[in-house]
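Chemist: Okay, so here is upload-v8.cif, and as you'll see once you scroll down, it has mmCIF, C-alpha atoms and all ligand atoms.
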```cif
data_input
#
loop_
_atom_site.label_atom_id
_atom_site.label_comp_id
_atom_site.auth_asym_id
_atom_site.auth_seq_id
_atom_site.Cartn_x
_atom_site.Cartn_y
_atom_site.Cartn_z
CA MET J 280 0.00 0.00 0.00
CA ILE J 281 1.44 3.38 -1.00
CA LYS J 282 -0.03 6.69 0.09
CA VAL J 283 1.29 9.97 -1.25
CA CYS J 284 0.54 12.81 1.17
CA LYS J 285 0.54 16.46 0.25
CA PHE J 286 0.51 18.99 3.07
CA GLY J 287 -0.67 22.53 2.34
CA GLY J 288 0.55 25.89 3.62
CA THR J 289 -1.41 25.94 6.89
CA SER J 290 -0.08 22.47 7.72
CA MET J 291 3.46 23.83 7.29
CA ALA J 292 2.87 27.23 8.90
CA ASP J 293 5.16 26.82 11.93
CA GLY J 294 7.25 24.31 13.86
CA ASN J 295 4.30 23.07 15.82
CA MET J 296 2.30 22.33 12.69
CA MET J 297 5.29 20.57 11.14
CA LYS J 298 5.47 18.33 14.21
CA ARG J 299 1.79 17.46 13.69
CA VAL J 300 2.59 16.64 10.07
CA ALA J 301 5.45 14.38 11.15
CA ALA J 302 3.15 12.59 13.62
CA ILE J 303 0.55 12.05 10.86
CA VAL J 304 3.15 10.66 8.46
CA ASN J 305 4.69 8.42 11.12
CA ALA J 306 1.29 7.09 12.20
CA ASP J 307 0.83 5.13 8.96
CA LYS J 308 3.59 3.11 7.30
CA ALA J 309 1.84 3.46 3.95
CA ARG J 310 2.45 7.24 4.00
CA ARG J 311 5.68 6.94 2.11
CA TYR J 312 6.03 10.01 -0.06
CA VAL J 313 5.37 13.50 1.22
CA VAL J 314 4.90 16.64 -0.89
CA VAL J 315 4.90 20.00 0.85
CA SER J 316 3.79 23.58 0.27
CA ALA J 317 5.63 26.62 1.60
CA PRO J 318 4.65 27.79 5.10
CA GLY J 319 1.30 29.59 4.87
CA LYS J 320 -0.55 31.86 7.27
CA ARG J 321 -0.24 31.16 11.00
CA PHE J 322 -3.17 33.44 11.86
CA SER J 323 -5.51 35.69 9.91
CA GLY J 324 -3.61 38.78 8.80
CA ASP J 325 -0.33 36.84 8.59
CA THR J 326 1.57 36.70 5.27
CA LYS J 327 2.29 33.48 3.38
CA ILE J 328 5.94 32.78 2.62
CA THR J 329 5.07 32.61 -1.10
CA ASP J 330 3.61 36.14 -0.96
CA LEU J 331 6.73 37.37 0.85
CA LEU J 332 8.83 35.77 -1.89
CA TYR J 333 6.94 37.59 -4.65
CA ARG J 334 7.56 40.79 -2.69
CA CYS J 335 11.20 39.83 -2.39
CA TYR J 336 11.38 39.41 -6.18
CA ASP J 337 10.03 42.98 -6.63
CA GLU J 338 12.68 44.26 -4.24
CA VAL J 339 15.42 42.47 -6.15
CA MET J 340 14.18 43.92 -9.43
CA GLN J 341 14.12 47.42 -7.95
CA THR J 342 17.36 47.44 -5.95
CA GLY J 343 19.35 44.48 -7.24
CA SER J 344 19.38 42.70 -3.90
CA CYS J 345 17.09 41.02 -1.37
CA GLY J 346 15.72 43.42 1.23
CA GLU J 347 13.17 43.51 4.01
CA ALA J 348 10.93 40.73 2.66
CA TYR J 349 13.81 38.26 2.56
CA GLY J 350 14.70 39.22 6.14
CA LYS J 351 11.18 38.22 7.20
CA ILE J 352 11.43 34.94 5.31
CA CYS J 353 14.73 34.10 7.04
CA ALA J 354 13.27 34.96 10.43
CA ARG J 355 10.35 32.58 9.84
CA PHE J 356 12.48 29.67 8.70
CA LEU J 357 15.04 30.15 11.46
CA GLY J 358 12.16 30.30 13.97
CA ILE J 359 10.80 27.01 12.61
CA ALA J 360 14.22 25.35 12.79
CA ALA J 361 14.65 26.53 16.39
CA GLU J 362 11.19 25.24 17.35
CA LEU J 363 11.97 21.88 15.79
CA GLY J 364 15.54 21.71 17.10
CA ILE J 365 16.78 20.41 13.74
CA ARG J 366 20.46 20.33 12.89
CA THR J 367 20.52 21.37 9.21
CA ASP J 368 22.60 24.45 8.79
CA LEU J 369 19.65 26.45 7.66
CA ALA J 370 21.48 29.77 7.95
CA ASP J 371 23.91 28.65 5.23
CA ILE J 372 21.09 27.38 3.03
CA LEU J 373 19.29 30.72 3.44
CA ASP J 374 22.47 32.62 2.47
CA GLN J 375 22.86 30.45 -0.60
CA THR J 376 19.19 30.92 -1.50
CA LYS J 377 19.59 34.70 -1.25
CA ALA J 378 22.51 34.61 -3.66
CA ASP J 379 20.55 32.34 -6.04
CA ILE J 380 17.52 34.67 -6.01
CA GLU J 381 19.70 37.71 -6.74
CA ARG J 382 21.47 35.90 -9.56
CA GLU J 383 18.42 34.29 -11.23
CA LYS J 384 16.21 37.41 -11.17
CA SER J 385 13.18 35.26 -11.92
CA ALA J 386 9.76 35.53 -10.25
CA ASP J 387 9.16 31.80 -10.59
CA PHE J 388 12.54 30.85 -9.18
CA THR J 389 12.11 33.22 -6.24
CA ALA J 390 8.57 32.00 -5.48
CA SER J 391 9.66 28.37 -5.64
CA ARG J 392 12.12 28.80 -2.78
CA GLY J 393 9.34 28.57 -0.18
CA GLU J 394 8.61 24.97 -1.14
CA TYR J 395 12.31 24.22 -1.59
CA LEU J 396 13.13 25.37 1.94
CA SER J 397 10.11 23.81 3.63
CA ALA J 398 10.78 20.47 1.93
CA ARG J 399 14.36 20.51 3.13
CA VAL J 400 13.26 21.22 6.70
CA MET J 401 10.54 18.56 6.56
CA ALA J 402 12.93 15.99 5.10
CA GLU J 403 15.29 16.50 8.00
CA LEU J 404 12.51 16.38 10.56
CA LEU J 405 11.19 13.09 9.16
CA GLY J 406 14.64 11.67 8.41
CA PHE J 407 13.60 11.10 4.75
CA PRO J 408 15.65 11.97 1.66
CA PHE J 409 14.84 15.31 -0.01
CA ILE J 410 13.97 15.31 -3.72
CA ASP J 411 14.20 18.66 -5.49
CA ALA J 412 11.17 19.01 -7.81
CA ARG J 413 13.43 20.71 -10.33
CA GLU J 414 15.10 17.37 -11.04
CA VAL J 415 11.90 15.40 -11.54
CA ILE J 416 9.04 17.63 -12.71
CA LYS J 417 9.54 18.95 -16.23
CA PHE J 418 7.65 21.30 -18.50
CA ARG J 419 7.56 21.20 -22.29
CA PRO J 420 8.64 24.11 -24.51
CA ASP J 421 4.97 25.22 -24.74
CA GLY J 422 4.90 25.63 -20.95
CA GLN J 423 2.65 22.61 -20.32
CA LEU J 424 3.64 19.84 -17.94
CA ASP J 425 5.65 17.11 -19.62
CA ALA J 426 3.67 14.48 -17.75
CA ASP J 427 5.22 11.28 -19.07
CA ARG J 428 8.76 12.52 -18.66
CA SER J 429 8.01 13.69 -15.11
CA TYR J 430 6.41 10.37 -14.14
CA GLY J 431 9.45 8.54 -15.48
CA LEU J 432 11.94 10.75 -13.66
CA LEU J 433 10.00 10.58 -10.42
CA TYR J 434 9.63 6.84 -10.65
CA ALA J 435 13.38 6.48 -11.16
CA ALA J 436 14.18 8.87 -8.30
CA LEU J 437 11.82 7.16 -5.85
CA LYS J 438 12.46 3.55 -6.85
CA GLY J 439 14.20 1.79 -4.00
CA LYS J 440 13.48 4.67 -1.60
CA PRO J 441 10.92 3.64 1.00
CA HIS J 442 10.31 7.31 1.84
CA ALA J 443 11.02 10.79 0.48
CA VAL J 444 9.96 14.43 0.72
CA VAL J 445 9.39 16.22 -2.60
CA SER J 446 9.03 19.99 -2.87
CA GLY J 447 5.68 21.14 -4.31
CA TYR J 448 4.67 23.97 -6.68
CA TYR J 449 7.51 23.97 -9.19
CA GLY J 450 9.54 22.09 -11.76
CA GLU J 451 11.93 22.96 -14.55
CA ASP J 452 11.11 24.33 -18.00
CA ALA J 453 12.58 23.25 -21.32
CA ALA J 454 15.31 25.91 -21.04
CA GLY J 455 16.45 24.56 -17.66
CA ARG J 456 14.90 27.34 -15.57
CA VAL J 457 12.65 26.86 -12.58
CA LYS J 458 8.97 27.27 -13.42
CA THR J 459 6.06 27.26 -10.99
CA PHE J 460 2.50 26.07 -11.48
CA SER J 461 -0.27 28.59 -10.86
CA ARG J 462 -0.98 29.52 -7.23
CA GLY J 463 -1.95 26.60 -5.05
CA GLY J 464 -0.08 24.34 -7.46
CA SER J 465 1.49 22.03 -4.86
CA ASP J 466 -1.76 20.08 -5.16
CA ILE J 467 -0.75 19.35 -8.75
CA SER J 468 2.76 18.30 -7.67
CA GLY J 469 1.26 15.86 -5.16
CA ALA J 470 -0.99 14.38 -7.84
CA ILE J 471 2.00 13.94 -10.18
CA VAL J 472 3.96 12.09 -7.51
CA ALA J 473 0.93 9.90 -6.73
CA ARG J 474 0.61 9.02 -10.41
CA ALA J 475 4.34 8.39 -10.83
CA VAL J 476 4.44 5.77 -8.06
CA MET J 477 0.92 4.49 -8.83
CA ALA J 478 -0.18 5.22 -5.28
CA ASP J 479 -3.22 3.52 -3.82
CA VAL J 480 -4.47 6.88 -2.64
CA TYR J 481 -3.46 10.53 -2.89
CA GLU J 482 -4.02 12.12 0.52
CA ASN J 483 -4.34 15.87 0.35
CA TRP J 484 -3.96 17.33 3.86
CA THR J 485 -5.38 20.79 4.39
CA ASP J 486 -7.08 22.86 7.09
CA VAL J 487 -10.68 21.74 6.55
CA SER J 488 -12.32 18.32 6.81
CA GLY J 489 -13.02 18.06 3.11
CA PHE J 490 -15.44 19.72 0.73
CA LEU J 491 -18.61 21.32 1.97
CA ALA J 492 -21.78 21.38 -0.09
CA CYS J 493 -21.41 25.15 -0.44
CA ASP J 494 -19.41 28.11 0.84
CA PRO J 495 -19.75 28.28 4.65
CA HIS J 496 -19.55 32.08 4.44
CA ILE J 497 -22.88 32.00 2.62
CA VAL J 498 -24.72 29.16 4.36
CA GLU J 499 -24.03 28.40 7.99
CA ASN J 500 -22.81 24.88 8.63
CA PRO J 501 -23.38 23.38 5.18
CA ALA J 502 -23.41 19.60 4.73
CA GLU J 503 -20.04 17.87 4.34
CA ILE J 504 -19.47 16.01 1.11
CA ARG J 505 -18.33 12.50 2.07
CA SER J 506 -17.61 11.34 -1.44
CA MET J 507 -17.78 12.60 -4.98
CA SER J 508 -16.55 11.68 -8.44
CA TYR J 509 -13.63 13.21 -10.32
CA LYS J 510 -16.13 14.82 -12.66
CA GLU J 511 -18.01 16.47 -9.83
CA LEU J 512 -14.74 17.62 -8.32
CA ARG J 513 -13.65 19.14 -11.60
CA GLU J 514 -16.90 21.06 -12.02
CA LEU J 515 -16.99 22.26 -8.41
CA SER J 516 -13.36 23.24 -8.09
CA TYR J 517 -13.32 24.98 -11.45
CA MET J 518 -16.32 26.96 -10.31
CA GLY J 519 -14.66 28.17 -7.16
CA ALA J 520 -14.80 25.45 -4.49
CA ASN J 521 -11.19 26.02 -3.60
CA VAL J 522 -10.16 23.10 -1.39
CA LEU J 523 -8.08 21.60 -4.19
CA HIS J 524 -6.41 23.10 -7.27
CA SER J 525 -8.73 22.35 -10.20
CA GLU J 526 -5.89 20.94 -12.32
CA SER J 527 -4.67 18.47 -9.72
CA ILE J 528 -7.21 15.93 -10.84
CA PHE J 529 -5.67 15.14 -14.24
CA PRO J 530 -2.61 13.08 -13.22
CA VAL J 531 -4.51 10.88 -10.76
CA ARG J 532 -7.61 10.51 -12.89
CA SER J 533 -5.66 8.92 -15.70
CA ALA J 534 -4.68 6.09 -13.32
CA ASP J 535 -7.93 5.85 -11.29
CA ILE J 536 -6.13 6.87 -8.09
CA PRO J 537 -8.62 8.12 -5.49
CA ILE J 538 -7.99 11.42 -3.68
CA ARG J 539 -8.79 11.80 -0.01
CA ILE J 540 -9.00 15.29 1.47
CA LYS J 541 -7.92 15.25 5.12
CA ASN J 542 -7.67 17.85 7.87
CA THR J 543 -4.27 18.23 9.60
CA PHE J 544 -6.01 19.76 12.61
CA ARG J 545 -8.47 16.84 12.89
CA PRO J 546 -6.75 13.77 11.41
CA GLU J 547 -9.47 11.49 12.79
CA ASP J 548 -12.13 13.10 10.55
CA GLU J 549 -13.04 11.07 7.51
CA GLY J 550 -12.72 13.95 5.04
CA THR J 551 -13.91 13.74 1.44
CA LEU J 552 -13.10 10.80 -0.84
CA ILE J 553 -12.92 11.56 -4.55
CA LEU J 554 -13.35 8.51 -6.72
CA PRO J 555 -13.08 7.60 -10.37
CA THR J 556 -16.44 8.38 -11.90
CA LYS J 557 -17.13 4.71 -12.69
CA LYS J 558 -16.55 3.65 -9.06
CA TYR J 559 -18.72 6.40 -7.70
CA ARG J 560 -21.81 5.23 -5.80
CA TYR J 561 -25.03 7.23 -5.84
CA SER J 562 -25.28 8.92 -2.47
CA GLY J 563 -29.03 9.36 -2.48
CA ARG J 564 -28.70 13.10 -2.91
CA THR J 565 -29.76 14.88 -6.07
CA VAL J 566 -27.10 17.55 -5.71
CA THR J 567 -23.57 17.00 -4.44
CA GLY J 568 -22.45 20.60 -4.15
CA ILE J 569 -22.97 24.20 -5.23
CA ALA J 570 -20.20 26.60 -6.18
CA GLY J 571 -19.89 29.87 -8.03
CA LYS J 572 -17.83 32.75 -9.30
CA GLN J 573 -18.62 36.41 -9.72
CA ASN J 574 -17.69 39.21 -12.12
CA PHE J 575 -18.50 37.96 -15.59
CA THR J 576 -19.58 39.94 -18.60
CA VAL J 577 -22.11 38.40 -20.97
CA ILE J 578 -22.10 39.44 -24.61
CA PHE J 579 -25.55 38.69 -26.01
CA ILE J 580 -25.91 38.22 -29.77
CA GLU J 581 -29.21 37.79 -31.57
CA LYS J 582 -29.75 37.17 -35.26
CA SER J 583 -32.70 35.59 -37.03
CA LEU J 584 -31.81 32.27 -38.64
CA MET J 585 -28.45 32.24 -36.87
CA ASN J 586 -28.71 28.45 -36.69
CA ALA J 587 -28.82 28.20 -40.49
CA GLU J 588 -25.88 30.50 -41.09
CA ILE J 589 -22.84 28.30 -41.66
CA GLY J 590 -19.73 29.50 -39.84
CA PHE J 591 -21.57 31.97 -37.59
CA THR J 592 -20.07 30.70 -34.32
CA ARG J 593 -16.63 30.39 -35.86
CA LYS J 594 -16.70 34.02 -36.99
CA VAL J 595 -17.73 35.19 -33.52
CA LEU J 596 -15.16 33.05 -31.76
CA SER J 597 -12.36 34.10 -34.05
CA VAL J 598 -12.85 37.66 -32.80
CA LEU J 599 -12.16 36.42 -29.27
CA GLU J 600 -9.24 34.35 -30.47
CA LYS J 601 -7.68 37.35 -32.20
CA HIS J 602 -7.79 39.27 -28.91
CA GLY J 603 -6.46 36.31 -26.89
CA ILE J 604 -9.68 36.17 -24.88
CA SER J 605 -11.03 32.87 -23.54
CA PHE J 606 -14.71 32.34 -22.82
CA GLU J 607 -16.29 30.48 -19.97
CA HIS J 608 -19.53 29.32 -21.59
CA ILE J 609 -21.50 29.87 -24.76
CA PRO J 610 -25.13 29.08 -24.06
CA SER J 611 -27.10 29.35 -27.27
CA GLY J 612 -30.67 29.26 -28.58
CA ILE J 613 -32.03 29.06 -32.12
CA ASP J 614 -31.43 32.72 -32.88
CA THR J 615 -29.35 33.75 -29.86
CA MET J 616 -25.95 33.15 -28.43
CA SER J 617 -24.26 34.49 -25.32
CA LEU J 618 -20.56 34.66 -24.65
CA VAL J 619 -19.74 34.54 -20.96
CA ILE J 620 -16.34 36.07 -20.30
CA ASP J 621 -14.36 36.87 -17.18
CA ARG J 622 -14.62 40.65 -16.77
CA ASP J 623 -10.87 41.05 -16.22
CA GLN J 624 -10.21 39.98 -19.80
CA LEU J 625 -12.27 42.81 -21.23
CA LYS J 626 -10.51 45.73 -19.60
CA ASP J 627 -8.86 48.77 -21.21
CA GLY J 628 -11.17 49.11 -24.19
CA ALA J 629 -11.01 45.42 -25.17
CA LEU J 630 -14.79 45.03 -24.78
CA GLU J 631 -15.56 47.91 -27.17
CA GLU J 632 -13.12 46.49 -29.73
CA VAL J 633 -14.62 43.01 -29.47
CA LEU J 634 -18.18 44.33 -29.87
CA ARG J 635 -17.20 46.38 -32.89
CA GLU J 636 -15.52 43.41 -34.55
CA ILE J 637 -18.40 41.00 -33.80
CA ASP J 638 -20.78 43.54 -35.32
CA GLU J 639 -18.61 43.73 -38.40
CA ALA J 640 -18.14 39.95 -38.67
CA VAL J 641 -21.76 38.74 -38.35
CA SER J 642 -24.06 41.84 -38.55
CA PRO J 643 -26.31 40.75 -35.67
CA ASP J 644 -29.88 42.07 -35.20
CA ASP J 645 -29.09 42.77 -31.58
CA LEU J 646 -25.80 42.95 -29.73
CA HIS J 647 -25.53 44.06 -26.13
CA THR J 648 -23.80 43.20 -22.88
CA PHE J 649 -24.76 42.44 -19.30
CA ASN J 650 -22.16 43.28 -16.72
CA ASP J 651 -21.49 42.06 -13.20
CA ILE J 652 -22.91 38.60 -13.69
CA ALA J 653 -22.25 35.75 -11.27
CA LEU J 654 -22.31 32.11 -12.36
CA ILE J 655 -23.57 29.45 -9.99
CA ALA J 656 -22.98 25.77 -10.67
CA THR J 657 -25.26 23.17 -9.12
CA VAL J 658 -23.44 19.88 -9.51
CA GLY J 659 -24.32 16.24 -8.93
CA HIS J 660 -24.61 12.92 -10.74
CA GLY J 661 -27.87 12.49 -8.84
CA MET J 662 -29.47 15.14 -11.04
CA SER J 663 -29.72 12.78 -13.99
CA ARG J 664 -31.64 10.30 -11.83
CA SER J 665 -34.24 12.66 -10.49
CA VAL J 666 -37.02 14.15 -12.52
CA GLY J 667 -37.64 17.87 -12.30
CA THR J 668 -34.29 18.99 -10.92
CA SER J 669 -34.09 22.11 -13.06
CA ALA J 670 -37.71 22.97 -12.29
CA LYS J 671 -36.93 22.80 -8.57
CA LEU J 672 -33.78 24.86 -9.02
CA PHE J 673 -35.48 27.65 -10.96
CA ASP J 674 -38.44 27.58 -8.65
CA ALA J 675 -36.15 28.07 -5.66
CA ILE J 676 -34.43 31.02 -7.32
CA ALA J 677 -37.76 32.53 -8.37
CA ARG J 678 -39.18 32.19 -4.85
CA ALA J 679 -36.20 34.20 -3.62
CA GLY J 680 -37.25 36.93 -6.09
CA ILE J 681 -34.08 36.59 -8.16
CA ASN J 682 -33.99 37.10 -11.90
CA VAL J 683 -32.05 34.44 -13.87
CA ARG J 684 -29.97 36.12 -16.57
CA MET J 685 -28.59 33.02 -18.23
CA ILE J 686 -28.90 29.23 -18.11
CA ASP J 687 -26.42 26.63 -19.30
CA GLN J 688 -26.99 22.96 -18.72
CA GLY J 689 -24.13 20.86 -20.02
CA SER J 690 -25.04 17.77 -21.99
CA SER J 691 -23.78 15.58 -19.14
CA GLU J 692 -26.70 16.40 -16.80
CA LEU J 693 -24.04 16.78 -14.15
CA ASN J 694 -24.05 20.53 -13.86
CA ILE J 695 -26.65 23.26 -14.28
CA ILE J 696 -25.17 26.74 -14.45
CA VAL J 697 -27.26 29.81 -13.88
CA GLY J 698 -26.17 33.42 -14.28
CA VAL J 699 -27.56 36.00 -11.87
CA ASP J 700 -26.57 39.58 -11.06
CA ASN J 701 -23.53 39.76 -8.77
CA GLU J 702 -25.68 41.37 -6.09
CA ASN J 703 -27.93 38.28 -5.95
CA TYR J 704 -25.06 35.80 -5.85
CA GLU J 705 -25.17 34.84 -2.19
CA ARG J 706 -28.95 34.79 -1.94
CA ALA J 707 -29.22 32.55 -4.99
CA ILE J 708 -26.73 30.05 -3.56
CA ALA J 709 -28.57 30.04 -0.24
CA ALA J 710 -31.89 29.44 -2.04
CA ILE J 711 -30.51 26.52 -4.06
CA TYR J 712 -28.91 25.02 -0.95
CA ASP J 713 -32.14 25.32 0.91
CA GLU J 714 -34.04 23.57 -1.87
CA PHE J 715 -31.75 20.59 -2.32
CA PHE J 716 -30.29 20.11 1.12
CA ARG J 717 -32.93 21.26 3.58
CA ARG J 718 -36.23 20.63 1.81
CA GLU J 719 -35.06 17.38 0.27
CA GLU J 720 -33.75 16.18 3.63
CA ASN J 721 -37.09 16.91 5.22
CA ALA J 722 -38.94 15.17 2.43
CA PHE J 723 -36.84 12.00 2.43
CA GLY J 724 -35.63 12.00 6.02
CA LEU J 725 -32.03 11.91 4.77
N1 LIG R 801 2.94 28.10 -2.03
C1 LIG R 801 2.19 28.22 -3.25
C2 LIG R 801 1.04 29.18 -3.06
O1 LIG R 801 0.92 29.80 -2.03
C3 LIG R 801 1.76 26.91 -3.79
C4 LIG R 801 0.94 26.05 -2.86
O2 LIG R 801 0.88 26.30 -1.66
O3 LIG R 801 0.33 25.11 -3.34
O4 LIG R 801 0.28 29.36 -3.96
#
```
Write out the structure in this file as structure tokens.
Modeler:
Amino acid sequence: MIKVCKFGGTSMADGNMMKRVAAIVNADKARRYVVVSAPGKRFSGDTKITDLLYRCYDEVMQTGSCGEAYGKICARFLGIAAELGIRTDLADILDQTKADIEREKSADFTASRGEYLSARVMAELLGFPFIDAREVIKFRPDGQLDADRSYGLLYAALKGKPHAVVSGYYGEDAAGRVKTFSRGGSDISGAIVARAVMADVYENWTDVSGFLACDPHIVENPAEIRSMSYKELRELSYMGANVLHSESIFPVRSADIPIRIKNTFRPEDEGTLILPTKKYRYSGRTVTGIAGKQNFTVIFIEKSLMNAEIGFTRKVLSVLEKHGISFEHIPSGIDTMSLVIDRDQLKDGALEEVLREIDEAVSPDDLHTFNDIALIATVGHGMSRSVGTSAKLFDAIARAGINVRMIDQGSSELNIIVGVDNENYERAIAAIYDEFFRREENAFGL
């Protein structure tokens, strides 16, 4: 039995937390390979090491050398080493890291040092060998992960090693320079290691006991999700349920490796188990979870007989492509089509340009935009089993007096997305939750 365990920033925040992590790893012989994040926040208002490192990079670019931010980073790591009483000559490693940061002058390299340093400390604490992600996680010239090469290198590096600590968040690009994943990317590193050693389970240790059915800032005490499928995870995490990086699913999914989300503060809690879609068992609930994102712009296009006009969608989408803009959804009707786009991509006059070019390309009868739209995804395999799910969903939103601006139900019957005004975002989520979790529970005695 092989478990790969990834510990997030809160789990690595100080010496005390690292001791907890060591106790968790030592409590189960199957926990053989450990992937770590950089130390995160110790309390609200604290600064993550990764954020300090990005600040440090700005200082280096302005003055040529590490300044105040690096001083804070050193103080935190030296504090951790003192708390743990470890022998590694961390002061020397920190001096060397400073010189490396000043020489490399790269944001990715600088940011990666948080994981590099925390993995070295953790390796010493556990008495496991340290594996530098730079040696084993590789990116292709187009910037994408070179998955097969990374699995091969990791397999070779870990073969014959009963245990190891691997640094999260980064790897090496085709030019031999350190490259990071997007923020929160240590989750992806953990998944890559799990896939490389064909782990029986990928344990992702964080500061909550798994996924909740919706944001606890919106609904008090929402239901915990005990298990879900990879597909549900993908939909929910893409739409903002941020327990796990949305891309971390790909490496493990290709090998049917389950993911278990665990809480470092409450290791006895079951957490959430994420299973290959084919092994997923119907939980009895219609909806597994609800998630959402705000601040979209919808470009609405109407033209009679749009459906009969060959190449219509291509012409519209090539305008977006030309401007390097990606879209989130394109719900369409017979004569209508909406482009849902993250508002940040349409800044600095880009929206006006795009509208002008769409007008020119397809001469629509009507072309206008809605701003400040929030998308809410209601996700669950159970939806395809129950009749009337969308009716219930829209009824719940209507009862709350909220106007639905857009609807998109994927062909999978796994996810219904509704667009509402930003200002109705929280109320709409609460109404949907109430419908599927409270009313349904009362009706079925779940
Ligand atoms: N330390 C990085 C971040 O803060 C990566 C991670 O923790 O997964 O985003």
Chemist: What is the atom CA of Tyr704 of chain J-atom CA of Asp687 of chain J distance in Å, reported with one decimal?
Modeler: 16.3 Å
Chemist: Find the residues near ligand LIG 801 (chain R). Use a cut-off of 9 Å, count all atoms listed in the file, and write them as a PyMOL selection string.
Modeler: chain J and resi 286-289+315-319+327-330+390-391+393-394+447-449+459-468+524
Chemist: When distances are computed from all atoms listed in the file, which of J:Ile540, J:Leu630, J:Ala640, J:Ala656 shows the smallest separation from Lys285 of chain J?
Modeler: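 Nearest candidate to Lys285 of chain J out of J:Ile540, J:Leu630, J:Ala640, J:Ala656: J:Ile540.
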Chemist: Report, in Å to a single decimal, how far apart atom CA of Ile569 of chain J and atom CA of Ser527 of chain J are.
Modeler: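 Interatomic distance, atom CA of Ser527 of chain J to atom CA of Ile569 of chain J: 19.7 Å.
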Chemist: What residues have an atom no more than 12 Å from (-37.0, 29.1, -7.5) in the file's own frame, counting all atoms listed in the file, and can you write them as a list in words?
Modeler: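 Every residue inside that radius is included here: Thr668, Ser669, Ala670, Lys671, Leu672, Phe673, Asp674, Ala675, Ile676, Ala677, Arg678, Ala679, Gly680, Ile681, Asn682, Val683, Val697, Arg706, Ala707, Ile708, Ala709, Ala710, Ile711, Tyr712, Asp713, Glu714 and Phe715 of chain J.
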Chemist: Ranking J:Ala302, J:Ile380, J:Leu363, J:Leu596 by minimum distance to Glu338 of chain J and counting only C-alpha atoms, which one comes first?
Modeler: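 For Glu338 of chain J, the nearest of the candidates is J:Ile380.
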